[in-house]
file model37.txt (compact mmCIF, C-alpha atoms)
# COMPACT_ATOMS: atom_id res chain seq x y z
CA MET F 1 0.00 0.00 0.00
CA ALA F 2 1.30 3.42 -0.95
CA PHE F 3 1.86 5.56 2.10
CA ASN F 4 3.96 8.56 1.14
CA VAL F 5 3.01 10.76 4.05
CA LYS F 6 4.62 8.44 6.60
CA LYS F 7 8.05 9.58 5.45
CA ASN F 8 7.28 13.27 5.69
CA LEU F 9 4.71 13.90 8.42
CA THR F 10 6.35 14.75 11.74
CA ASP F 11 5.45 16.72 14.86
CA LYS F 12 8.03 19.30 13.81
CA LEU F 13 6.43 19.80 10.38
CA CYS F 14 2.98 20.13 11.95
CA GLU F 15 4.20 22.73 14.43
CA GLU F 16 5.86 24.75 11.66
CA ASN F 17 2.66 24.61 9.58
CA HIS F 18 0.55 25.56 12.59
CA CYS F 19 2.63 28.66 13.31
CA ARG F 20 2.69 29.70 9.65
CA ILE F 21 -1.10 29.36 9.23
CA LEU F 22 -1.65 31.39 12.39
CA ARG F 23 0.71 34.10 11.25
CA GLU F 24 0.15 34.27 7.48
CA ILE F 25 -3.45 33.14 6.99
CA LEU F 26 -5.25 34.05 10.22
CA LYS F 27 -2.94 37.03 10.90
CA ILE F 28 -2.44 36.01 14.54
CA GLU F 29 0.89 35.96 16.32
CA SER F 30 2.08 32.38 16.80
CA SER F 31 2.69 33.15 20.48
CA ALA F 32 -1.01 33.82 21.05
CA GLU F 33 -2.67 31.85 23.81
CA LYS F 34 -4.26 28.61 22.61
CA PRO F 35 -8.02 29.00 22.82
CA GLY F 36 -10.37 26.42 24.27
CA GLY F 37 -14.01 26.54 23.33
CA ILE F 38 -16.51 24.29 21.62
CA ALA F 39 -14.17 23.25 18.81
CA SER F 40 -12.01 21.42 21.34
CA ILE F 41 -14.79 18.99 22.31
CA MET F 42 -16.92 18.46 19.19
CA PRO F 43 -16.89 15.16 17.31
CA THR F 44 -16.04 15.41 13.64
CA THR F 45 -18.55 14.45 10.95
CA HIS F 46 -18.63 12.11 7.98
CA THR F 47 -21.47 11.97 5.44
CA MET F 48 -22.11 8.96 3.24
CA ASN F 49 -24.65 7.47 0.84
CA VAL F 50 -27.17 5.15 2.52
CA ASN F 51 -26.40 2.58 -0.20
CA ASN F 52 -22.95 2.12 1.37
CA ALA F 53 -24.36 1.32 4.81
CA LYS F 54 -24.15 -2.47 4.43
CA ASP F 55 -20.41 -2.30 3.85
CA VAL F 56 -19.88 0.15 6.71
CA PHE F 57 -22.02 -1.61 9.32
CA LEU F 58 -22.66 -5.23 8.36
CA LYS F 59 -19.48 -6.62 6.79
CA ASP F 60 -17.21 -8.77 8.94
CA ASP F 61 -14.59 -6.00 8.86
CA ALA F 62 -17.15 -3.20 9.30
CA GLY F 63 -16.25 0.46 9.40
CA LEU F 64 -15.42 3.51 7.32
CA ARG F 65 -12.46 2.64 5.11
CA CYS F 66 -9.93 4.72 3.25
CA ILE F 67 -10.33 4.85 -0.52
CA ASP F 68 -7.15 2.83 -1.07
CA GLU F 69 -8.73 -0.15 0.70
CA ARG F 70 -12.36 0.50 -0.17
CA ASP F 71 -12.08 1.09 -3.92
CA PRO F 72 -8.53 1.26 -5.30
CA MET F 73 -9.90 1.33 -8.85
CA GLU F 74 -11.55 4.67 -8.02
CA LEU F 75 -8.07 6.15 -7.67
CA ALA F 76 -7.17 4.98 -11.15
CA ARG F 77 -10.47 6.02 -12.75
CA ASN F 78 -10.52 9.49 -11.20
CA TYR F 79 -6.86 10.39 -10.81
CA PHE F 80 -7.43 14.13 -11.16
CA LYS F 81 -10.10 14.07 -8.45
CA TRP F 82 -7.68 12.42 -6.04
CA LYS F 83 -4.31 13.82 -7.12
CA GLU F 84 -4.04 16.33 -4.24
CA CYS F 85 -4.55 13.51 -1.76
CA LEU F 86 -2.21 11.16 -3.60
CA GLU F 87 0.59 13.71 -3.43
CA ILE F 88 0.82 13.31 0.35
CA GLY F 89 -0.59 9.81 0.84
CA LEU F 90 -4.05 10.79 2.08
CA GLU F 91 -5.65 7.97 0.07
CA CYS F 92 -4.77 5.87 3.13
CA TYR F 93 -7.04 7.89 5.42
CA VAL F 94 -10.74 8.24 6.24
CA PHE F 95 -11.80 11.89 5.91
CA THR F 96 -13.94 13.63 8.52
CA TYR F 97 -14.80 17.31 9.02
CA LEU F 98 -15.13 19.78 11.87
CA GLY F 99 -18.49 21.11 10.76
CA ILE F 100 -22.09 20.22 10.02
CA HIS F 101 -22.80 17.12 7.94
CA ASP F 102 -22.66 18.06 4.26
CA PRO F 103 -24.89 16.02 1.89
CA SER F 104 -22.65 16.93 -1.05
CA TYR F 105 -20.22 14.29 0.26
CA ALA F 106 -22.94 11.64 -0.23
CA MET F 107 -23.29 12.17 -3.98
CA ASN F 108 -22.87 9.11 -6.19
CA HIS F 109 -20.21 8.56 -8.87
CA TRP F 110 -22.24 10.64 -11.33
CA GLY F 111 -22.53 13.60 -8.98
CA ALA F 112 -26.24 13.05 -8.33
CA PRO F 113 -27.79 13.58 -4.86
CA THR F 114 -28.50 10.47 -2.80
CA ILE F 115 -30.01 9.73 0.60
CA PRO F 116 -27.40 10.88 3.16
CA VAL F 117 -26.43 9.18 6.41
CA GLY F 118 -24.50 11.25 8.92
CA ILE F 119 -21.86 9.84 11.25
CA PHE F 120 -20.35 11.66 14.23
CA ILE F 121 -16.82 10.39 14.94
CA ASP F 122 -15.66 10.17 18.56
CA ARG F 123 -12.84 12.69 19.01
CA ARG F 124 -10.89 10.10 21.03
CA THR F 125 -9.96 8.55 17.67
CA GLU F 126 -7.57 11.51 17.36
CA ASN F 127 -5.53 10.54 20.43
CA LYS F 128 -2.77 9.02 18.31
CA SER F 129 0.45 10.00 16.58
CA VAL F 130 0.29 12.58 13.78
CA VAL F 131 0.82 9.78 11.26
CA GLU F 132 -2.31 8.00 12.51
CA ALA F 133 -4.47 11.12 12.99
CA ASN F 134 -3.90 14.53 11.43
CA ALA F 135 -5.73 17.33 9.65
CA THR F 136 -5.47 19.95 6.94
CA PHE F 137 -6.47 23.59 7.22
CA ARG F 138 -9.09 22.97 4.50
CA ASP F 139 -10.25 20.31 2.07
CA LEU F 140 -7.37 20.25 -0.42
CA HIS F 141 -9.80 20.43 -3.34
CA LEU F 142 -10.05 24.11 -2.47
CA ASN F 143 -6.94 24.35 -4.62
CA HIS F 144 -9.25 24.35 -7.67
CA LEU F 145 -11.15 27.47 -6.60
CA LYS F 146 -10.01 30.96 -7.52
CA PRO F 147 -9.03 32.96 -5.61
CA ASN F 148 -7.58 30.44 -3.17
CA PHE F 149 -4.71 30.08 -0.74
CA ILE F 150 -4.34 26.28 -0.83
CA ASP F 151 -1.34 25.68 -3.05
CA ARG F 152 1.54 23.26 -3.38
CA PRO F 153 3.30 21.69 -1.71
CA PHE F 154 0.23 20.35 0.06
CA GLU F 155 2.35 19.12 2.95
CA LYS F 156 2.47 22.67 4.28
CA TRP F 157 -1.23 22.50 5.21
CA LEU F 158 -0.90 19.40 7.41
CA VAL F 159 -1.26 19.88 11.17
CA SER F 160 -2.06 17.65 14.12
CA ALA F 161 -5.69 17.18 15.13
CA PRO F 162 -5.34 19.31 18.33
CA GLN F 163 -3.65 22.05 16.31
CA ALA F 164 -6.53 22.04 13.81
CA ARG F 165 -9.04 22.47 16.64
CA SER F 166 -6.98 25.34 18.06
CA LEU F 167 -6.77 27.02 14.64
CA CYS F 168 -10.51 26.62 14.27
CA MET F 169 -11.27 28.47 17.50
CA HIS F 170 -8.86 31.27 16.56
CA GLU F 171 -10.68 31.55 13.25
CA VAL F 172 -14.10 31.50 14.93
CA ARG F 173 -13.06 34.42 17.13
CA LYS F 174 -11.50 36.42 14.31
CA VAL F 175 -13.73 35.67 11.30
CA TYR F 176 -17.08 34.62 12.80
CA ALA F 177 -17.31 37.13 15.67
CA ASN F 178 -16.86 34.30 18.19
CA ASN F 179 -20.03 32.59 16.92
CA PHE F 180 -19.03 28.94 16.63
CA TRP F 181 -22.36 27.91 15.11
CA GLU F 182 -22.03 30.41 12.29
CA TYR F 183 -18.83 28.57 11.39
CA TRP F 184 -20.20 25.07 12.03
CA GLY F 185 -23.41 25.63 10.09
CA ASP F 186 -26.72 26.84 11.53
CA PRO F 187 -29.90 26.07 9.53
CA ASP F 188 -31.38 29.39 10.64
CA SER F 189 -28.43 31.44 9.41
CA ALA F 190 -28.05 32.91 5.95
CA SER F 191 -25.18 30.52 5.24
CA LEU F 192 -27.54 27.54 5.13
CA LYS F 193 -30.60 29.22 3.62
CA SER F 194 -28.83 30.13 0.37
CA PRO F 195 -28.27 27.27 -2.11
CA THR F 196 -25.06 28.97 -3.21
CA GLU F 197 -23.75 29.00 0.36
CA THR F 198 -24.72 25.40 1.08
CA ASP F 199 -22.91 24.28 -2.07
CA THR F 200 -19.68 25.80 -0.75
CA LEU F 201 -19.94 24.73 2.90
CA TRP F 202 -17.02 22.37 2.47
CA THR F 203 -14.67 25.26 1.70
CA ARG F 204 -14.69 26.50 5.30
CA PHE F 205 -14.19 23.27 7.26
CA TYR F 206 -11.07 21.72 8.72
CA GLU F 207 -10.50 18.26 7.27
CA PHE F 208 -9.38 15.45 9.60
CA HIS F 209 -7.66 12.23 8.51
CA LEU F 210 -7.81 8.93 10.39
CA LEU F 211 -5.56 6.12 9.19
CA TYR F 212 -7.08 3.20 7.27
CA LEU F 213 -10.30 2.46 9.20
CA VAL F 214 -12.81 3.97 11.63
CA ALA F 215 -14.77 1.13 13.25
CA PRO F 216 -18.46 1.48 14.25
CA GLU F 217 -17.35 1.29 17.87
CA ASP F 218 -15.73 4.69 17.28
CA PHE F 219 -18.96 6.26 15.97
CA ALA F 220 -20.33 8.66 18.57
CA ALA F 221 -23.75 8.79 16.88
CA VAL F 222 -25.45 8.18 13.52
CA LEU F 223 -28.13 10.20 11.71
CA TRP F 224 -30.48 7.76 9.97
CA PRO F 225 -33.34 8.58 7.54
CA ILE F 226 -36.96 7.71 8.27
CA GLU F 227 -39.78 7.97 5.73
CA ILE F 228 -43.44 8.81 6.04
CA VAL F 229 -45.43 6.10 4.29
CA GLU F 230 -49.14 5.88 3.70
CA SER F 231 -51.21 3.27 5.43
CA PRO F 232 -53.81 1.32 3.42
CA GLU F 233 -56.34 3.90 4.62
CA HIS F 234 -54.09 6.61 3.12
CA GLU F 235 -53.28 8.06 6.52
CA LYS F 236 -49.68 9.17 6.97
CA SER F 237 -47.72 7.36 9.62
CA LEU F 238 -44.06 7.28 10.60
CA THR F 239 -43.28 3.64 10.09
CA ARG F 240 -40.41 3.05 7.70
CA PHE F 241 -36.75 3.09 8.67
CA LEU F 242 -34.63 2.80 5.55
CA PRO F 243 -32.75 -0.50 5.40
CA PRO F 244 -30.45 -1.88 6.68
CA TYR F 245 -31.55 -0.16 9.90
CA GLU F 246 -32.75 -3.36 11.59
CA GLY F 247 -29.47 -5.15 10.87
CA ILE F 248 -27.48 -2.26 12.29
CA VAL F 249 -29.38 -2.00 15.58
CA THR F 250 -29.18 -5.77 15.98
CA ARG F 251 -25.41 -5.86 15.51
CA PHE F 252 -24.68 -2.62 17.40
CA PRO F 253 -27.36 -2.33 20.10
CA ASN F 254 -25.42 0.34 22.01
CA LEU F 255 -24.88 2.62 19.02
CA THR F 256 -26.71 5.96 19.27
CA ILE F 257 -28.91 6.23 16.16
CA LEU F 258 -30.85 9.47 15.72
CA THR F 259 -33.52 9.51 13.04
CA TYR F 260 -34.28 12.40 10.73
CA LEU F 261 -37.23 12.87 8.43
CA LEU F 262 -36.63 12.12 4.73
CA PRO F 263 -38.89 14.31 2.58
CA ARG F 264 -39.50 13.48 -1.06
CA ARG F 265 -38.13 16.68 -2.55
CA GLY F 266 -34.42 17.45 -2.71
CA ARG F 267 -34.46 20.90 -1.12
CA GLU F 268 -36.57 19.83 1.88
CA ARG F 269 -34.48 16.65 2.19
CA ARG F 270 -31.29 18.73 2.44
CA GLU F 271 -32.86 21.13 4.95
CA SER F 272 -34.14 18.28 7.13
CA PHE F 273 -30.70 16.65 7.18
CA PHE F 274 -28.97 19.93 8.06
CA ARG F 275 -31.49 20.55 10.85
CA ALA F 276 -30.98 17.10 12.37
CA SER F 277 -27.18 17.39 12.24
CA PHE F 278 -27.26 20.84 13.83
CA GLU F 279 -29.67 19.88 16.64
CA ALA F 280 -27.63 16.77 17.48
CA ALA F 281 -24.38 18.79 17.54
CA LYS F 282 -25.91 21.59 19.61
CA HIS F 283 -27.17 19.10 22.19
CA PHE F 284 -23.71 17.55 22.37
CA ALA F 285 -22.07 20.95 22.87
CA ASP F 286 -24.51 21.85 25.65
CA HIS F 287 -24.63 18.49 27.46
CA HIS F 288 -21.47 16.60 26.35
CA CYS F 289 -23.65 13.77 25.08
CA PHE F 290 -26.11 13.13 22.26
CA PRO F 291 -29.88 13.19 22.83
CA ASP F 292 -31.98 10.05 22.99
CA SER F 293 -33.93 11.27 19.96
CA LEU F 294 -34.44 14.28 17.70
CA PRO F 295 -37.72 16.02 16.83
CA LEU F 296 -39.09 15.04 13.44
CA HIS F 297 -39.77 18.30 11.61
CA LEU F 298 -42.99 17.65 9.74
CA GLU F 299 -42.82 21.13 8.20
CA TYR F 300 -40.31 19.69 5.73
CA MET F 301 -43.04 17.42 4.33
CA ARG F 302 -44.54 20.16 2.21
CA GLU F 303 -46.38 18.78 -0.79
call {"tool": "encode", "arguments": {"input": "model37.txt", "output": "C-alpha cells"}}
result
Amino acid sequence: MAFNVKKNLTDKLCEENHCRILREILKIESSAEKPGGIASIMPTTHTMNVNNAKDVFLKDDAGLRCIDERDPMELARNYFKWKECLEIGLECYVFTYLGIHDPSYAMNHWGAPTIPVGIFIDRRTENKSVVEANATFRDLHLNHLKPNFIDRPFEKWLVSAPQARSLCMHEVRKVYANNFWEYWGDPDSASLKSPTETDTLWTRFYEFHLLYLVAPEDFAAVLWPIEIVESPEHEKSLTRFLPPYEGIVTRFPNLTILTYLLPRRGRERRESFFRASFEAAKHFADHHCFPDSLPLHLEYMRE
C-alpha cells in the first residue's frame, strides 16, 4: 500500500505549519494563547450514501475505510479528483470534518444527490500520533477554486488534530465574531438558507484524517433517515426506517442512532438533514452527550 506521508509527516512539520497558518493566513501571532471553546470537544462528521451502509455496518470488517482499501480502482479512474490527496498519501485515510454534515459528500459517482447518512466520529480517535491522525487547514480540493490560498506543496497545510481544533477556534473568534455555530453551520443562518452558500460549505471546514479504518465502535452517533409512508387507509404514519436499519441495531445495540425525516423533494431533504445534524451537535455541545432522539420536523413534508 502506498503511504507517502509516513516519510514526511512529523510533529516538527505540523508545528511549523501551525505557526505559519496562524501568522500568514489568520494574521495572529504564533505566540497567542491557545483557545479552548466548543471546537475542542466536538466530534467530527462524515457523510455517506445510505447505499454504502451495508459495507460500513454489516461486513465482517465493518467500518469507514480509506479509498485505497475501499475502492482502489476509483483512484485509477478518477486520478485528477484524487491527485491532491495522492501527493501526500491521504488515500490511506478516512476523511472527517469539523463542521455540520454536508450532503454533497454523499453524492454518487455521477454527482447526483442520494439519501445521506451522517456519522459523528468520537474525538478520542484523534488521540494518536500525527501519522495516525492529522488534519489539513481545508479540504485540499479548495486548490481548484479561484481565488484560493491552498497551493503546493500540500504538505504545508498538514497539522495535528489538536492544532486544527486550536486554529478553528482562533478563526471562529477572528472571522465569525466568536459565533461557533455560524462557522459550524446553523440552519437558521443565511449561510444555510442560500443554495449557493450550502454548495460551498465544504470550503470552510477543517479536514481530519484517520488512518485506514474507523470502526463502528468509534462512531459517537449516527443520523439515519426515516420515511413517512401511507397506510392502506391513506393516513400518513411514521413507520419506515430505511434499510439496513434493523441489521445495524441488531449488531450494534449500544450505538446511538438518531432519526431524521426524509422528505420526497431534494431541497426539503437537504434542509431536514442539516437541521438534524445541527440539533444533534448543539445538544452535544450543551450536554457533552447526544440526545436520545431528535424532533421530526414535519414542516419539511410540504407537498
call {"tool": "closest_residue", "arguments": {"input": "model37.txt", "among": "F:Ile226, F:Ala221, F:Leu210, F:Ile115", "to": "Ser129 in chain F", "atoms": "all atoms listed in the file"}}
result
F:Leu210
call {"tool": "closest_atom_pairs", "arguments": {"input": "model37.txt", "of": "range 222-275 of chain F", "to": "range 175-194 of chain F", "cutoff": "12 Å", "atoms": "only C-alpha atoms", "output": "CSV"}}
result
residue,atom,partner,partner_atom,distance
F:Arg267,CA,F:Lys193,CA,10.3
F:Glu268,CA,F:Lys193,CA,11.3
F:Arg270,CA,F:Leu192,CA,9.9
F:Glu271,CA,F:Pro187,CA,7.4
F:Ser272,CA,F:Pro187,CA,9.2
F:Phe273,CA,F:Pro187,CA,9.7
F:Phe274,CA,F:Pro187,CA,6.4
F:Arg275,CA,F:Pro187,CA,5.9
call {"tool": "residues_near_point", "arguments": {"input": "model37.txt", "point": "(-18.8, 12.1, 21.9)", "cutoff": "12 Å", "atoms": "all atoms listed in the file", "output": "count of residues only"}}
result
32
call {"tool": "residues_around", "arguments": {"input": "model37.txt", "residues": "Phe208 in chain F", "least_positions_apart": "3", "cutoff": "12 Å", "atoms": "all atoms listed in the file", "output": "ChimeraX atom specification"}}
result
/F:43-46,90,93-99,121,123,125-126,130-140,157-165,205,211
